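First the structure, in the form of structure tokens, and then the observations on it.
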Amino acid sequence: MSDNSKDDNEAKVSCKMATTWIRPNPTSMNYNVGLNMMNSLTREKEPFVTMDGDRHVRWYMCGPTVYDASHMGHARTYLGFDIIRRILTNYFGYNVTLCMNITDIDDKIIDRANTRGISITELSRKYEQEFHEDMEQLNVLPPDVLTRVTEYMDDIVTYINDIIVKGLAYESNGSVYFAVEEFSSAANHQYCKLCPEQVNNAELLAEGEGKLTQEFTSDKRSPRDFALWKKSKSGEPSWSSPWGEGRPGWHIECSVMASDVFTQMGIPDGRMDIHSGGVDLKFP
């Protein structure tokens with residue numbers, strides 16, 4: 001690829017290396033211990049201030065996709081975050097509310113369940129239970145709130161429809177795709193801002209879409225667009241939607257669950273102080 005072509009492609013999605021972080025600006029500052037934390041957006045240590053300037057920390061953590069047994073990567077991730085949580089609580093005196101999800105519907109889960117001749121519910125519940133047992137053995141504290149994707153289907157459909165109404169997603173052949181270029185050209189929006197150097201990484205894009213939906217890639221307006229709702233094929237689990245029977249794409253699930261949980265706690269727009277997860281969640 002020539003340098004000009006590369007520049008043109010990156011310009012299309014407005015993916016700049018320099019990223020502006022909007023710092024929390026509470027109306028009053030009632031609790032500040034002078035703590036600095038690494039910010040994955042700016043890639044620098046930043047002063048840690050909660051949204052409300054008080055002791056209450058709202059934290060959303062992406063949990064496992066339960067298609068197989070937990071491994072050392074899970075142990076490293078959740079032990080690390082548990083240590084941070086304990087330090088915030090026991091040393092700095094913060095009141096942490098931690099929400100974590102379980103992804104219990106996914107292409108990997110469907111594929112593994114079909115291979116074993118069991119239902120996705122049987123497979124996902126088995127490995128979810130094993131995950132919780134592993135975390136208990138590691139002395140990792142459980143989350144305050146636990147959510148599962150399959151319990152949020154109506155909310156996910158509503159959320160996706162709102163994105164369509166805003167002109168940032170479109171239906172195609174029974175699936176719904178996020179329109180990356182439309183999002184990037186909108187005011188105050190920036191695509192791929194956590195990991196801009198990966199914007200043209202086709203391998204990561206394909207991995208994010210899932211093994212069972214690669215044949216639908218021709219339905220997209222752009223190769224960068226990704227599925228918010230996947231049309232289900234015969235024999236695959238499905239839920240009703242305005243676009244036909246299907247299931248959610250990987251990218252939309254945590255957006256819906258986190259927004260719902262924190263909105264129900266009375267937080268405007270379902271905002272949070274901390275979001276955490278594996279490094280693979282930075283992109284796509």
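Following the order of the structure tokens, chains are lettered A, B, ..., residues in each are numbered from 1, and ligands are numbered from 1.
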So which residues touch Phe81 of chain A within 12 Å, counting only C-alpha atoms, skipping near sequence neighbours fewer than 3 positions away, as a list in words? Trp59, Tyr60, Met61, Cys62, Gly63, His74, Ala75, Arg76, Thr77, Tyr78, Ile84, Arg85, Arg86, Ile87, Leu88, Leu98, Met100, Met135, Val140, Leu141, Pro142, Pro143, Ile274, His275, Ser276, Gly277 and Gly278 of chain A
Generate a file of the selected residues that holds N, CA, C and O atoms, formatted as a short mmCIF file (atom, residue, chain, number, x, y, z; two decimals), in the first residue's frame.
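Produced file out-v9.cif, reproduced below:
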data_model
loop_
_atom_site.label_atom_id
_atom_site.label_comp_id
_atom_site.auth_asym_id
_atom_site.auth_seq_id
_atom_site.Cartn_x
_atom_site.Cartn_y
_atom_site.Cartn_z
N TRP A 59 -17.84 1.24 38.69
CA TRP A 59 -16.85 0.51 37.88
C TRP A 59 -17.56 -0.58 37.10
O TRP A 59 -18.27 -1.42 37.67
N TYR A 60 -17.36 -0.59 35.79
CA TYR A 60 -17.87 -1.68 34.95
C TYR A 60 -16.70 -2.48 34.41
O TYR A 60 -15.77 -1.91 33.82
N MET A 61 -16.76 -3.79 34.60
CA MET A 61 -15.68 -4.67 34.14
C MET A 61 -16.23 -5.71 33.17
O MET A 61 -17.20 -6.41 33.48
N CYS A 62 -15.63 -5.80 32.00
CA CYS A 62 -16.04 -6.80 31.02
C CYS A 62 -15.63 -8.18 31.53
O CYS A 62 -14.45 -8.43 31.82
N GLY A 63 -16.60 -9.07 31.64
CA GLY A 63 -16.35 -10.42 32.12
C GLY A 63 -16.05 -11.39 30.99
O GLY A 63 -15.87 -10.99 29.84
N HIS A 74 -7.21 -15.17 32.10
CA HIS A 74 -8.32 -14.74 32.97
C HIS A 74 -7.81 -14.48 34.38
O HIS A 74 -8.18 -13.48 35.01
N ALA A 75 -6.97 -15.39 34.87
CA ALA A 75 -6.44 -15.22 36.23
C ALA A 75 -5.67 -13.91 36.36
O ALA A 75 -5.86 -13.15 37.31
N ARG A 76 -4.81 -13.63 35.39
CA ARG A 76 -4.01 -12.40 35.41
C ARG A 76 -4.91 -11.16 35.38
O ARG A 76 -4.70 -10.20 36.14
N THR A 77 -5.90 -11.18 34.51
CA THR A 77 -6.78 -10.02 34.36
C THR A 77 -7.57 -9.74 35.64
O THR A 77 -7.56 -8.62 36.17
N TYR A 78 -8.28 -10.75 36.14
CA TYR A 78 -9.20 -10.50 37.24
C TYR A 78 -8.49 -10.39 38.59
O TYR A 78 -8.96 -9.69 39.49
N ILE A 84 -6.51 -3.84 42.48
CA ILE A 84 -6.81 -2.40 42.37
C ILE A 84 -8.08 -2.06 43.15
O ILE A 84 -8.14 -1.05 43.86
N ARG A 85 -9.08 -2.91 43.02
CA ARG A 85 -10.34 -2.68 43.74
C ARG A 85 -10.12 -2.66 45.25
O ARG A 85 -10.65 -1.79 45.97
N ARG A 86 -9.33 -3.60 45.75
CA ARG A 86 -9.06 -3.66 47.19
C ARG A 86 -8.26 -2.44 47.67
O ARG A 86 -8.51 -1.91 48.76
N ILE A 87 -7.31 -1.99 46.85
CA ILE A 87 -6.54 -0.81 47.22
C ILE A 87 -7.44 0.42 47.29
O ILE A 87 -7.35 1.23 48.23
N LEU A 88 -8.30 0.58 46.28
CA LEU A 88 -9.22 1.72 46.28
C LEU A 88 -10.12 1.69 47.52
O LEU A 88 -10.37 2.74 48.14
N LEU A 98 -18.97 -2.43 41.78
CA LEU A 98 -18.43 -3.11 40.60
C LEU A 98 -19.50 -3.95 39.92
O LEU A 98 -20.11 -4.82 40.53
N MET A 100 -20.06 -6.52 36.65
CA MET A 100 -19.37 -7.35 35.66
C MET A 100 -20.39 -8.16 34.87
O MET A 100 -21.41 -8.58 35.40
N MET A 135 -12.41 -18.11 40.36
CA MET A 135 -12.18 -16.81 40.98
C MET A 135 -12.21 -16.92 42.50
O MET A 135 -11.41 -16.29 43.21
N VAL A 140 -10.54 -13.87 44.54
CA VAL A 140 -11.02 -12.67 43.86
C VAL A 140 -12.43 -12.36 44.34
O VAL A 140 -13.31 -13.23 44.31
N LEU A 141 -12.65 -11.14 44.79
CA LEU A 141 -13.98 -10.76 45.28
C LEU A 141 -15.00 -10.79 44.15
O LEU A 141 -14.70 -10.39 43.02
N PRO A 142 -16.23 -11.25 44.42
CA PRO A 142 -17.26 -11.25 43.38
C PRO A 142 -17.75 -9.83 43.10
O PRO A 142 -17.60 -8.93 43.94
N PRO A 143 -18.32 -9.60 41.92
CA PRO A 143 -18.86 -8.27 41.61
C PRO A 143 -20.09 -7.97 42.45
O PRO A 143 -20.76 -8.88 42.95
N ILE A 274 -14.89 4.03 36.05
CA ILE A 274 -13.85 3.13 35.55
C ILE A 274 -14.48 2.09 34.66
O ILE A 274 -15.54 1.52 34.98
N HIS A 275 -13.85 1.84 33.52
CA HIS A 275 -14.20 0.68 32.68
C HIS A 275 -12.94 -0.13 32.51
O HIS A 275 -11.86 0.39 32.24
N SER A 276 -13.05 -1.45 32.68
CA SER A 276 -11.87 -2.30 32.55
C SER A 276 -12.21 -3.58 31.79
O SER A 276 -13.38 -3.96 31.66
N GLY A 277 -11.16 -4.22 31.31
CA GLY A 277 -11.31 -5.47 30.58
C GLY A 277 -9.98 -5.90 30.01
O GLY A 277 -8.95 -5.29 30.27
N GLY A 278 -9.99 -6.97 29.24
CA GLY A 278 -8.78 -7.45 28.60
C GLY A 278 -8.30 -6.48 27.53
O GLY A 278 -9.08 -5.72 26.97
#
For Met38 of chain A, list every protein, DNA or RNA residue within 10 Å, evaluated using only C-alpha atoms, and leave out those in the same chain fewer than 6 positions away; present the list as a ChimeraX atom specification. /A:44-48
DSSP alpha helix (DSSP H) selection over segment 38-255 of chain A, as a ChimeraX atom specification: /A:72-86,107-116,120-137,153-165,180-185,202-209,253-255
Using only C-alpha atoms, which protein or nucleic acid residues come within 9 Å of segment 177-187 of chain A? Drop anything in the same chain fewer than 6 positions from it, and give the result as a ChimeraX atom specification. /A:12-15,163-164,167-171,219-222,224-230
Identify, on the basis of only C-alpha atoms, every residue whose closest approach to Ser70 of chain A does not exceed 9 Å; exclude the query and any residue fewer than 3 positions from it along the same chain; express the result as a PDB file with N, CA, C and O atoms, in the first residue's frame.
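Result file is out22.pdb:
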ATOM      1  N   PRO A  64     -16.006 -12.676  31.293  1.00  0.00           N
ATOM      2  CA  PRO A  64     -15.585 -13.678  30.310  1.00  0.00           C
ATOM      3  C   PRO A  64     -16.691 -14.060  29.325  1.00  0.00           C
ATOM      4  O   PRO A  64     -17.877 -13.915  29.619  1.00  0.00           O
ATOM      5  N   VAL A  66     -18.096 -17.291  28.057  1.00  0.00           N
ATOM      6  CA  VAL A  66     -18.002 -18.604  28.703  1.00  0.00           C
ATOM      7  C   VAL A  66     -18.258 -19.745  27.708  1.00  0.00           C
ATOM      8  O   VAL A  66     -19.308 -20.371  27.703  1.00  0.00           O
ATOM      9  N   GLY A  73      -4.725 -16.246  31.392  1.00  0.00           N
ATOM     10  CA  GLY A  73      -5.045 -14.876  31.015  1.00  0.00           C
ATOM     11  C   GLY A  73      -6.193 -14.325  31.841  1.00  0.00           C
ATOM     12  O   GLY A  73      -6.181 -13.155  32.254  1.00  0.00           O
ATOM     13  N   HIS A  74      -7.213 -15.168  32.103  1.00  0.00           N
ATOM     14  CA  HIS A  74      -8.317 -14.745  32.966  1.00  0.00           C
ATOM     15  C   HIS A  74      -7.808 -14.475  34.379  1.00  0.00           C
ATOM     16  O   HIS A  74      -8.176 -13.477  35.006  1.00  0.00           O
ATOM     17  N   ALA A  75      -6.971 -15.387  34.871  1.00  0.00           N
ATOM     18  CA  ALA A  75      -6.444 -15.217  36.227  1.00  0.00           C
ATOM     19  C   ALA A  75      -5.672 -13.912  36.355  1.00  0.00           C
ATOM     20  O   ALA A  75      -5.860 -13.152  37.314  1.00  0.00           O
ATOM     21  N   TYR A 127     -19.556 -23.343  32.118  1.00  0.00           N
ATOM     22  CA  TYR A 127     -18.286 -22.627  32.186  1.00  0.00           C
ATOM     23  C   TYR A 127     -18.391 -21.342  33.007  1.00  0.00           C
ATOM     24  O   TYR A 127     -17.388 -20.883  33.567  1.00  0.00           O
ATOM     25  N   GLU A 130     -17.841 -22.664  36.512  1.00  0.00           N
ATOM     26  CA  GLU A 130     -16.420 -22.970  36.713  1.00  0.00           C
ATOM     27  C   GLU A 130     -15.594 -21.692  36.865  1.00  0.00           C
ATOM     28  O   GLU A 130     -14.650 -21.651  37.667  1.00  0.00           O
ATOM     29  N   PHE A 131     -15.950 -20.657  36.106  1.00  0.00           N
ATOM     30  CA  PHE A 131     -15.243 -19.386  36.226  1.00  0.00           C
ATOM     31  C   PHE A 131     -15.384 -18.813  37.624  1.00  0.00           C
ATOM     32  O   PHE A 131     -14.391 -18.392  38.247  1.00  0.00           O
ATOM     33  N   ASP A 134     -13.294 -20.756  40.002  1.00  0.00           N
ATOM     34  CA  ASP A 134     -11.872 -20.427  39.849  1.00  0.00           C
ATOM     35  C   ASP A 134     -11.544 -19.102  40.530  1.00  0.00           C
ATOM     36  O   ASP A 134     -10.512 -18.965  41.200  1.00  0.00           O
TER      37      ASP A 134
END
Using only C-alpha atoms, which of the listed residues (A:Gly174, A:Gly80, A:Pro248, A:Pro223) sits closest to Tyr152 of chain A? A:Pro248
